[in-house]
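Let me begin by presenting the structure, written as structure tokens, before commenting on it.
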Amino acid sequence: MIKTESFYDTPSPAGLTGIRAWLLTHDHKRLGLMYMWAILFWFVIAMLCGLLLRTELMSQGKTIMGPELYNSLFTLHGVIMVFLFVIPAIPAIFGNFFLPIQLGTDDVFFPRLNLFSWYLFMFGGLLALISLFSGEGFPDTGWTFYVPFSVEVNTNVSLTVMAAFTLGMSSMLTGLNFITTFHRMRDKQMGLMQIPLFTWSLYATAWVQILATPVISITLVLVVVERLFSVGLFDPDKGGDPILYQHLFWMYSHPAVYIMILPGMGVISEIIPVFSRKSIFGYKAIVWSSMGIAVAGSLVWAHHMYTSGMSDVSVFFFSLLTFLVAIPSAVKVFSWVATMYKGSIEMTPPLLLSLIFIYLFSIGGLTGLVLGAVGPDIHVHDTHFVVSHFHFVMFGGTGFAFFAALHFWWPKMFGIMYDFKKAYIGSILTAIGFLFHYIPMFILGMQGMPRRYYDYLPKYETGNFLAGFGAYLLCIGILIMFANLFMSFRQREPASSNPWGGTTLEWTVPSPPPLHNFVDKPQVMEFPYDFSEIAAQVKRGER
Amino acid sequence: MDSQENNHILSYTKLAIILGILLILTGITVAVSYRDLGFFNVPMALAIACTKVTFVLLFFMHLKYEGPIINLSFIGTISFLFIMIGFTFWDVAFR
């Protein structure tokens, strides 16, 4: 067999060497990896901010920092996690790397635009960093930048807001690239119902990115305009409306939740059938549920505003719509579970992480119904309950899907395999830490402890201590997971082109793939999750 | 693949006709502004503006010659905008 040179050995454009081969690359795979290192850096920073916050809250009164620093830290934690990790993580890393391969093509439709998106992402991150150490100090508005506080406060809000604006542009351009690639570049033999579910989820996500992101971009610019010129758009004294800001903010930021979770659901839809050796249950239902979530998720933004002074009619209406989103989400969860039913399950780290995802995401989704109903929401609004619900969906959901994707596609991206035992230990410790961390927050919220408070009443001390303990377990688990993956670079145990027995096109190309992805013409299957050949290989003892 | 590689170059004559229609509609907008139509002042102005926009989209922006994907994308975008603005105004109306 002729050895194919991987994309690591073949720069694009040709002739570039060293660091220039990366910084000027048009190759979607190199860009995916460049995003990966940048995003992992931000993730670790934001995780440390979160750990410091929970350490501060482990005991009453001042523990390790004062209230001003605490306010800034939760702002930083939120802004970095949301804009620099959760939103871009799966689309920018795994979408860039695998969407063209799953579609049977050699790159995205606009490779140079793809590189430009990466530079915008880096520039946005740089602006966020500069905003910390310039002006009148750390921004302390929370990641929501609510007016009137964000307009009146002296801290460096304008630059942080412009960082989010720049990151939004990067996100939009990536979405545009994916939609165009989906329609214009996919293999001619590949019909719409032959496209892998991960790519479908990215397609649905890309639409939300394109349609919703401009709204937040404009809104953030308006905040800067207000700070500079005091026009009064959100100031009742000048005829403005502060609730208008909340509408505009959540018009993006609620759909953004689906920008965050949909790609994660796509990852799980890839992993579950592979390790069940069974065709995915309800392929079309999952495709339509992705599009359904994208549409329904864009209509429910004001459920964040039940207590803000919005009209009762709107409160009723948005509550009703919110419950609709549960339907397509449940379609996915039931389909994953039904796929595993009577499957030939092979336990691996990606599958374990996917199972943890399903469990945690289900809790996150169900507690979302508590918040979607107006009565209970008024009781727990702006409490730790909301914080816990949000993290169950965003971290228990997207975070664990991200870890699962890392473990699933690591052998393909780098051509090497990692140690399973350490991966299991890291995953389980992360999951246990997660539950210790967030379950007490549900209880604290029900008891009435508000979010974003620096100090609290004595009755909340046990819960906060437990949550802090969980945070340390969680971080240790994540560090073990990452250390294990990085150790694989030293051990360099080679991975075959299809180590898991996958059926989508990325498993038909070498690990790591060559520059143009396919050595031969891609063979598009009638149905992307047909495991009959893999099952036959298992039966013959070849796998 | 669901898009076709069609090149559709509009003739100068056709473009000039569309331009003429747009200028006439602009004239009508100005003329109507001098008449008091009562409740219909705003609906009339919006109707003329929408007609003009339709001409621009169909001919200058080539939507008339595009496949269903581009048209659906456009309709989706407009619907999204309509819902965003509509729902927000709805809230204000019932406060």
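Each chain in the structure tokens gets a letter, A, B, ..., in the order shown, and its residues are numbered from 1; ligands are numbered from 1 in order too.
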I need the chain A residues near chain B as a PyMOL selection string; criterion: at most 7 Å, counting only C-alpha atoms. chain A and resi 183-184+186+188+211+247+310-311+313-314
As a VMD selection string, please: the residues near region 26-39 of chain B (cut-off 12 Å, only C-alpha atoms, same-chain neighbours under 3 positions excluded). chain B and resid 19 to 23 42 to 53
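Take CA of Glu493 (chain A) and CA of Ile101 (chain A): the distance between them is 23.8 Å.
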Distance in Å - CA of Trp118 (chain A) versus CA of Thr160 (chain A): 18.5 Å
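Minimum distance to Phe390 (chain A) across A:Leu444, A:Leu366, A:Ile432, A:Leu355 (counting only C-alpha atoms) occurs at A:Leu366.
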Run DSSP on the backbone of this structure and report the residues of chain B it assigns to alpha helix (DSSP H), as a ChimeraX atom specification. /B:12-33,41-55,68-94
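The environment of Thr105 (chain A) within 7 Å, counting only C-alpha atoms and disregarding residues fewer than 2 places along the same chain, consists of Pro100, Ile101, Leu103, Asp107, Met185, Arg186 and Asp187 of chain A.
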If you count only C-alpha atoms, which residues fall within 9 Å of His381 (chain A), apart from same-chain ones fewer than 2 positions away, as an mmCIF file with all heavy atoms, in the first residue's frame?
data_model
loop_
_atom_site.group_PDB
_atom_site.id
_atom_site.type_symbol
_atom_site.label_atom_id
_atom_site.label_comp_id
_atom_site.auth_asym_id
_atom_site.auth_seq_id
_atom_site.Cartn_x
_atom_site.Cartn_y
_atom_site.Cartn_z
ATOM 1 N N HIS A 304 -36.390 34.888 28.899
ATOM 2 C CA HIS A 304 -35.395 35.375 29.863
ATOM 3 C C HIS A 304 -35.886 36.633 30.578
ATOM 4 O O HIS A 304 -35.177 37.173 31.418
ATOM 5 C CB HIS A 304 -34.083 35.705 29.139
ATOM 6 C CG HIS A 304 -33.423 34.507 28.538
ATOM 7 N ND1 HIS A 304 -32.451 33.799 29.183
ATOM 8 C CD2 HIS A 304 -33.626 33.877 27.352
ATOM 9 C CE1 HIS A 304 -32.060 32.790 28.416
ATOM 10 N NE2 HIS A 304 -32.766 32.809 27.300
ATOM 11 N N TYR A 306 -39.214 37.330 31.891
ATOM 12 C CA TYR A 306 -40.540 37.284 32.532
ATOM 13 C C TYR A 306 -40.678 38.325 33.637
ATOM 14 O O TYR A 306 -41.769 38.836 33.884
ATOM 15 C CB TYR A 306 -40.796 35.900 33.128
ATOM 16 C CG TYR A 306 -41.018 34.797 32.122
ATOM 17 C CD1 TYR A 306 -40.871 33.460 32.502
ATOM 18 C CD2 TYR A 306 -41.395 35.060 30.812
ATOM 19 C CE1 TYR A 306 -41.080 32.433 31.600
ATOM 20 C CE2 TYR A 306 -41.601 34.032 29.903
ATOM 21 C CZ TYR A 306 -41.436 32.722 30.313
ATOM 22 O OH TYR A 306 -41.634 31.710 29.425
ATOM 23 N N THR A 307 -39.594 38.607 34.333
ATOM 24 C CA THR A 307 -39.711 39.534 35.470
ATOM 25 C C THR A 307 -39.221 40.937 35.125
ATOM 26 O O THR A 307 -39.040 41.777 36.001
ATOM 27 C CB THR A 307 -38.897 39.023 36.679
ATOM 28 O OG1 THR A 307 -37.529 38.962 36.289
ATOM 29 C CG2 THR A 307 -39.362 37.669 37.142
ATOM 30 N N LEU A 371 -38.114 26.645 34.244
ATOM 31 C CA LEU A 371 -37.895 28.073 33.998
ATOM 32 C C LEU A 371 -38.794 28.607 32.886
ATOM 33 O O LEU A 371 -39.091 29.801 32.823
ATOM 34 C CB LEU A 371 -36.423 28.310 33.636
ATOM 35 C CG LEU A 371 -35.446 27.986 34.766
ATOM 36 C CD1 LEU A 371 -34.030 27.885 34.246
ATOM 37 C CD2 LEU A 371 -35.528 29.051 35.842
ATOM 38 N N PRO A 376 -43.163 29.089 38.343
ATOM 39 C CA PRO A 376 -41.903 28.732 39.018
ATOM 40 C C PRO A 376 -40.741 29.638 38.615
ATOM 41 O O PRO A 376 -39.840 29.882 39.416
ATOM 42 C CB PRO A 376 -41.646 27.282 38.575
ATOM 43 C CG PRO A 376 -42.606 26.988 37.499
ATOM 44 C CD PRO A 376 -43.718 27.969 37.580
ATOM 45 N N ASP A 377 -40.770 30.154 37.381
ATOM 46 C CA ASP A 377 -39.652 31.009 36.959
ATOM 47 C C ASP A 377 -39.555 32.257 37.826
ATOM 48 O O ASP A 377 -38.459 32.693 38.181
ATOM 49 C CB ASP A 377 -39.815 31.426 35.497
ATOM 50 C CG ASP A 377 -38.679 32.340 35.068
ATOM 51 O OD1 ASP A 377 -37.574 31.814 34.848
ATOM 52 O OD2 ASP A 377 -38.877 33.573 34.975
ATOM 53 N N ILE A 378 -40.712 32.812 38.188
ATOM 54 C CA ILE A 378 -40.674 34.029 39.012
ATOM 55 C C ILE A 378 -40.018 33.725 40.351
ATOM 56 O O ILE A 378 -39.273 34.530 40.901
ATOM 57 C CB ILE A 378 -42.098 34.609 39.167
ATOM 58 C CG1 ILE A 378 -42.531 35.198 37.816
ATOM 59 C CG2 ILE A 378 -42.160 35.670 40.266
ATOM 60 C CD1 ILE A 378 -43.962 35.590 37.714
ATOM 61 N N HIS A 379 -40.257 32.502 40.864
ATOM 62 C CA HIS A 379 -39.656 32.118 42.150
ATOM 63 C C HIS A 379 -38.136 31.972 42.038
ATOM 64 O O HIS A 379 -37.394 32.411 42.921
ATOM 65 C CB HIS A 379 -40.280 30.801 42.624
ATOM 66 C CG HIS A 379 -39.685 30.280 43.889
ATOM 67 N ND1 HIS A 379 -39.826 30.925 45.099
ATOM 68 C CD2 HIS A 379 -38.926 29.191 44.132
ATOM 69 C CE1 HIS A 379 -39.186 30.251 46.029
ATOM 70 N NE2 HIS A 379 -38.624 29.199 45.463
ATOM 71 N N THR A 383 -31.604 33.298 40.269
ATOM 72 C CA THR A 383 -31.017 32.587 41.411
ATOM 73 C C THR A 383 -29.982 31.583 40.899
ATOM 74 O O THR A 383 -29.801 31.433 39.689
ATOM 75 C CB THR A 383 -32.074 31.785 42.201
ATOM 76 O OG1 THR A 383 -32.559 30.742 41.348
ATOM 77 C CG2 THR A 383 -33.239 32.652 42.644
ATOM 78 N N HIS A 384 -29.362 30.868 41.826
ATOM 79 C CA HIS A 384 -28.403 29.829 41.445
ATOM 80 C C HIS A 384 -29.058 28.704 40.649
ATOM 81 O O HIS A 384 -28.371 27.956 39.963
ATOM 82 C CB HIS A 384 -27.734 29.261 42.706
ATOM 83 C CG HIS A 384 -26.422 29.915 43.007
ATOM 84 N ND1 HIS A 384 -26.255 31.282 43.024
ATOM 85 C CD2 HIS A 384 -25.192 29.388 43.263
ATOM 86 C CE1 HIS A 384 -24.994 31.560 43.299
ATOM 87 N NE2 HIS A 384 -24.318 30.438 43.440
ATOM 88 N N PHE A 385 -30.386 28.574 40.752
ATOM 89 C CA PHE A 385 -31.085 27.546 39.971
ATOM 90 C C PHE A 385 -30.840 27.779 38.483
ATOM 91 O O PHE A 385 -30.567 26.847 37.718
ATOM 92 C CB PHE A 385 -32.589 27.600 40.283
ATOM 93 C CG PHE A 385 -33.371 26.466 39.680
ATOM 94 C CD1 PHE A 385 -33.626 25.309 40.410
ATOM 95 C CD2 PHE A 385 -33.852 26.544 38.388
ATOM 96 C CE1 PHE A 385 -34.348 24.262 39.850
ATOM 97 C CE2 PHE A 385 -34.569 25.492 37.823
ATOM 98 C CZ PHE A 385 -34.814 24.346 38.561
ATOM 99 N N VAL A 386 -30.940 29.039 38.076
ATOM 100 C CA VAL A 386 -30.736 29.388 36.665
ATOM 101 C C VAL A 386 -29.293 29.081 36.250
ATOM 102 O O VAL A 386 -29.039 28.532 35.169
ATOM 103 C CB VAL A 386 -31.068 30.880 36.421
ATOM 104 C CG1 VAL A 386 -30.813 31.259 34.973
ATOM 105 C CG2 VAL A 386 -32.496 31.173 36.813
ATOM 106 N N GLY A 445 -30.563 27.604 44.710
ATOM 107 C CA GLY A 445 -31.484 28.472 43.962
ATOM 108 C C GLY A 445 -32.906 28.341 44.468
ATOM 109 O O GLY A 445 -33.614 29.334 44.656
ATOM 110 N N PRO A 450 -29.420 34.277 45.356
ATOM 111 C CA PRO A 450 -29.331 34.918 44.043
ATOM 112 C C PRO A 450 -28.013 34.575 43.340
ATOM 113 O O PRO A 450 -27.038 34.194 43.975
ATOM 114 C CB PRO A 450 -29.382 36.414 44.366
ATOM 115 C CG PRO A 450 -29.734 36.520 45.794
ATOM 116 C CD PRO A 450 -29.304 35.247 46.439
#
Just want the 9 Å neighbourhood of Met340 (chain A), counted on only C-alpha atoms, with same-chain residues fewer than 2 positions away dropped. Output as a PyMOL selection string. chain A and resi 272-273+275-278+280-281+335-338+342-345
Extract, using only C-alpha atoms, all DNA, RNA and protein residues at most 10 Å from Glu270 (chain A), discarding same-chain residues fewer than 5 positions from it, and format them as an mmCIF file with N, CA and C atoms, in the first residue's frame.
data_model
loop_
_atom_site.group_PDB
_atom_site.id
_atom_site.type_symbol
_atom_site.label_atom_id
_atom_site.label_comp_id
_atom_site.auth_asym_id
_atom_site.auth_seq_id
_atom_site.Cartn_x
_atom_site.Cartn_y
_atom_site.Cartn_z
ATOM 1 N N PRO A 196 -24.322 13.189 6.601
ATOM 2 C CA PRO A 196 -24.196 12.809 8.021
ATOM 3 C C PRO A 196 -24.846 13.833 8.959
ATOM 4 N N LEU A 197 -25.292 13.347 10.092
ATOM 5 C CA LEU A 197 -26.077 14.200 10.999
ATOM 6 C C LEU A 197 -25.243 15.310 11.628
ATOM 7 N N PHE A 198 -23.949 15.087 11.784
ATOM 8 C CA PHE A 198 -23.105 16.166 12.325
ATOM 9 C C PHE A 198 -23.115 17.353 11.358
ATOM 10 N N THR A 199 -22.996 17.051 10.075
ATOM 11 C CA THR A 199 -23.010 18.134 9.081
ATOM 12 C C THR A 199 -24.379 18.801 9.032
ATOM 13 N N MET A 265 -25.182 18.159 19.707
ATOM 14 C CA MET A 265 -26.133 17.088 19.405
ATOM 15 C C MET A 265 -25.699 16.334 18.149
ATOM 16 N N PHE A 275 -20.807 3.190 18.041
ATOM 17 C CA PHE A 275 -20.474 2.259 19.125
ATOM 18 C C PHE A 275 -21.657 1.373 19.520
ATOM 19 N N ILE A 280 -28.567 4.630 12.934
ATOM 20 C CA ILE A 280 -29.211 5.597 13.829
ATOM 21 C C ILE A 280 -30.730 5.478 13.709
ATOM 22 N N TRP A 336 -31.525 8.727 20.201
ATOM 23 C CA TRP A 336 -30.217 8.198 20.642
ATOM 24 C C TRP A 336 -30.406 6.946 21.487
ATOM 25 N N SER A 354 -20.518 10.493 25.679
ATOM 26 C CA SER A 354 -21.827 10.750 25.055
ATOM 27 C C SER A 354 -22.956 10.361 25.997
ATOM 28 N N ALA A 405 -16.275 14.668 21.279
ATOM 29 C CA ALA A 405 -15.776 14.884 19.918
ATOM 30 C C ALA A 405 -14.253 14.809 19.884
ATOM 31 N N PHE A 408 -13.374 11.237 20.085
ATOM 32 C CA PHE A 408 -13.841 10.484 18.913
ATOM 33 C C PHE A 408 -12.954 10.746 17.694
ATOM 34 N N GLY A 502 -16.432 3.356 12.006
ATOM 35 C CA GLY A 502 -17.408 4.361 11.561
ATOM 36 C C GLY A 502 -17.764 4.166 10.098
ATOM 37 N N THR A 503 -18.873 4.760 9.676
ATOM 38 C CA THR A 503 -19.324 4.557 8.292
ATOM 39 C C THR A 503 -19.352 5.846 7.482
ATOM 40 N N THR A 504 -19.190 7.002 8.124
ATOM 41 C CA THR A 504 -19.231 8.252 7.366
ATOM 42 C C THR A 504 -17.878 8.475 6.669
ATOM 43 N N TYR A 529 -25.434 5.660 7.663
ATOM 44 C CA TYR A 529 -25.222 4.871 8.883
ATOM 45 C C TYR A 529 -25.574 3.398 8.658
#
